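Chemist: First the structure, then my questions, so here it is.
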Amino acid sequence: MTTLIYDGTFEGLLTAVFEIYERKLSYVKIRKGEWLSTALFEDVLQIYTDSNRAARVLKGLQQKLSNEGMKRLYIAHLADMDDEDSMLVGYIRYVFDSPHNVEEDYGNKYVLRLSEMVRMVRREKHRMEAFIRFQELADTTFYSAIEPDFNVLPLLSRHFKDRYTDQKWIIYDLKRNYGLYYDLHDVQCIALDFSTSSPSNVISAFSENEGLYQRLWQNYFKSVNIPARKNTKLHMRHIPKRYWRHLTEKF
Amino acid sequence: MLKILVFLIGMNADRITEKLNILADAAKYDVSCASSGSKRKNENKGLGNASNGICHTYTEDGRCVSLLKILLTNHCIFDCAYCVSRKSNDIKRAAFTVQEVVDLTINFYRRNYIEGLFLSSGIFYNADYTMERLVRIAKKLRTEHKFNGYIHLKSIPGASDELMREAGLYADRLSVNLEMPTEEGLKLLAPDKNRQDMIQPMNFLKKEIIQRTEEKALFKKAPQFAPAGQSTQVIIGATPENDQQILYTANHFYKNFNLKRVYYSGYVPVLSDSRLPALNTSVPMVRENRLYQADWLMRFYGFHVSEIVDQHNPHLDLDIDPKLGWALRNLQAFPIDINKADLQLILRVPGIGVQSAQKIVSARMFGKLNWEQLKKIGIAVNRAKYFITCNSNSFERRDLTGTAIKQYILSQSQSKYIKAATTQLNLF
């Protein structure tokens with residue numbers, strides 16, 4: 001059993017796959033991060049990301065997978081789920097070792113797991129499209145803070161860029177400490193420094209009407225409820241509690 | 001001077017809050033909240049788009065909130081027994097101005113609270129007068145504010161063709177509520193309303209939608225006309241219709257009016273009236289759920305309405321879903337071999353949904369599937385196992401009757417609807 005350590009990038013993952021084939025490794029584990037030489041007898045291999053090698057693996061994958069299949073693999077990696085890198089490597093090896101395109105072979109554990117991961121990420125993306133709540137700042141930028149389970153910000157960019165073309169907006173992932181900023185032309189990645197100002201201070205400068213519309217929305221949310229049909233279980237299933245912190249109607 | 005201004009703003013805020021409370025409360029019994037099915041793009045650097053539909057939040061009763069759903073006014077000249085806004089009901093009345101609705105929609109939309117506007121209204125003065133106001137709001141949003149979000153307008157029964165045509169140019173979806181599943185039910189509870197007045201605009205819209213779609217195929221620049229089609233709603237449990245009558249009505253409208261959706265709204269007793277169920281009657285939520293399941297079977301699973309309900313089974317079984325009900329009445333069709341059967345047949349197996357069925361058909365090309373794999377793919381094996389065989393030696397060998405299978409399945413599953421489950425006595 002060899003443990004591969006890589007830098008967490010998609011290119012790094014592909015380089016790791018290259019090494020596996022070059023060194024003819026069969027039993028591997030893979031994880032992100034620094035190499036800490038704790039286990040004395042462990043067989044550890046540090047992967048140095050190499051874009052040429054990654055490109056060769058990518059090209060090989062493109063011959064075996066459809067465009068949609070490539071996208072799904074990328075999304076699954078982007079999600080940054082814990083302990084799933086070995087599944088991804090297993091998936092890539094299964095793809096290479098099969099004579100045909102296997103992306104719909106749901107009887108295989110790697111293919112099925114990948115489809116589950118993609119489903120989880122896309123659900124989180126969809127939830128963010130629904131649960132993001134903008135607050136208008138005095139300078140007319142619309143600000144929103146989120147804490148999604150997975151790293152879905154890159155997947156959200158297009159949806160919000162298409163929708164809100166005539167207003168400036170920021171969507172900030174507090175968990176991963178980066179955000180998207182749209183300046184009426186393009187979307188950029190930004191990092192805010194909360195060490196000098198706490199996140200709540202950033203939104204202290206609301207526009208004049210912000211409070212009014214938040215209250216109207218909270219009122220609306222109460223008015224549309226039908227008490228005779230109360231169904232708390234269903235309610236909680238649709239909006240799990242961890243999302244409430246950032247939902248205006250749940251403030 | 002400043003003090004007066006602050007006071008005026010304050011008063012205005014209170015007034016708009018009160019209006020919103022009244023007019024959102026009055027609109028909430030309309031269950032439709034779909035924002036999907038349209039293809040409106042944000043091409044004019046304006047605000048918003050409408051495509052796949054998003055539920056932005058859920059009420060405490062678990063319903064999706066996708067649109068700002070309000071009445072323009074709850075003043076109404078009609079006196080329908082089932083409706084909170086009926087003329088003879090002593091409630092607070094309010095009316096929005098055109099500008100107020102526009103401002104609310106735009107500001108809610110910019111904050112990502114909603115996908116768009118669902119605008120209905122009590123009927124004041126007459127049908128055309130009311131419809132004209134609804135259309136004016138949609139027009140203002142589209143033309144003055146470049147708003148490309150979703151707009152659902154209620155068609156007011158009896159409104160003129162001209163107004164309906166204009167409404168279709170600005171709205172994504174239009175709907176006329178049938179209210180009661182049958183004409184007799186409507187006569188009983190809404191003596192002022194006439195079923196023909198509801199069917200007439202539906203018919204007009206159907207023809208117009210077909211014609212515009214043909215135009216659109218020829219000329220790309222032809223304007224969109226109600227791209228998300230039309231829908232309707234029937235109230236369940238206020239009148240004595242059985243499920244057979246309800247589903248046949250739904251089927252009739254799906255087939256003959258190209259409706260996108262029929263909504264079933266379990267009657268919430270809000271008014272005391274000798275023609276209606278008593279005030280303490282509970283909302284028929286299980287029945288409503290079974291009707292939606294049956295509706296899905298008709299639209300996505302290839303079932304004909306006569307397979308779901310017939311003269312001998314005019315009511316859906318409340319204990320089990322309608323697909324299981326059909327399977328138990330048609331045991332001669334089972335078991336089927338999951339590794340060989342057509343997709344159409346797999347879709348008919350209880351415990352297998354559309355997505356799982358498609359996955360099965362894709363996956364079995366790579367090798368025969370067994371129970372373990374089927375479970376992982378996501379089928380409900382505890383129900384499906386009585387109806388299928390797969391790549392395994394273990395399968396249901398007993399020749400069970402429908403009643404026995406039903407008992408086995410019910411004993412294993414915890415129905416979400418049985419609130420006071422009969423618990424066994426604990427001896428120790």
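Residue names in the structure tokens use chain letters A, B, ... in the order shown, residue numbers from 1 in each chain, and ligand numbers from 1 in the order shown.
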With a distance cut-off of 9 Å and only C-alpha atoms, select the neighbouring residues of B:Leu374, excluding the residue or stretch itself and same-chain residues fewer than 4 positions from it, and output the selection as number ranges by chain.
Modeler: A: 107; B: 356, 360, 369-370, 378-381, 390
Chemist: Counting only C-alpha atoms, what is within 12 Å of A:Val102, bar same-chain residues fewer than 6 positions away, as a PyMOL selection string?
Modeler: (chain A and resi 61+63-66+69+91-96+108-112+114) or (chain B and resi 362-367)
Chemist: In terms of the shortest atom-to-atom distance over only C-alpha atoms, which of B:Gly116, B:Arg142, B:Ala294, B:Phe219 is closest to B:Ile54?
Modeler: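 The shortest atom-to-atom distance to B:Ile54 comes from B:Gly116.
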Chemist: Quick one: which residues from chain A are at most 7 Å off chain B, using only C-alpha atoms, as a PyMOL selection string?
Modeler: chain A and resi 104-107+130-135+162-166+216+219-221+223-226+229-232+234-235+238
Chemist: Between stretch 81-152 of chain A and stretch 174-187 of chain A, at 9 Å or less, what are the per-residue closest atom pairs and their distances in Å? Count only C-alpha atoms, order by chain and rising residue number, and return it as a Markdown table.
Modeler:
| residue | atom | partner | partner_atom | distance |
| --- | --- | --- | --- | --- |
| A:Thr141 | CA | A:Asp183 | CA | 8.8 |
| A:Ala145 | CA | A:Leu174 | CA | 6.6 |
| A:Ile146 | CA | A:Leu174 | CA | 6.1 |
| A:Glu147 | CA | A:Lys175 | CA | 5.4 |
| A:Pro148 | CA | A:Lys175 | CA | 7.6 |
| A:Asp149 | CA | A:Lys175 | CA | 8.8 |
| A:Asn151 | CA | A:Arg176 | CA | 7.8 |
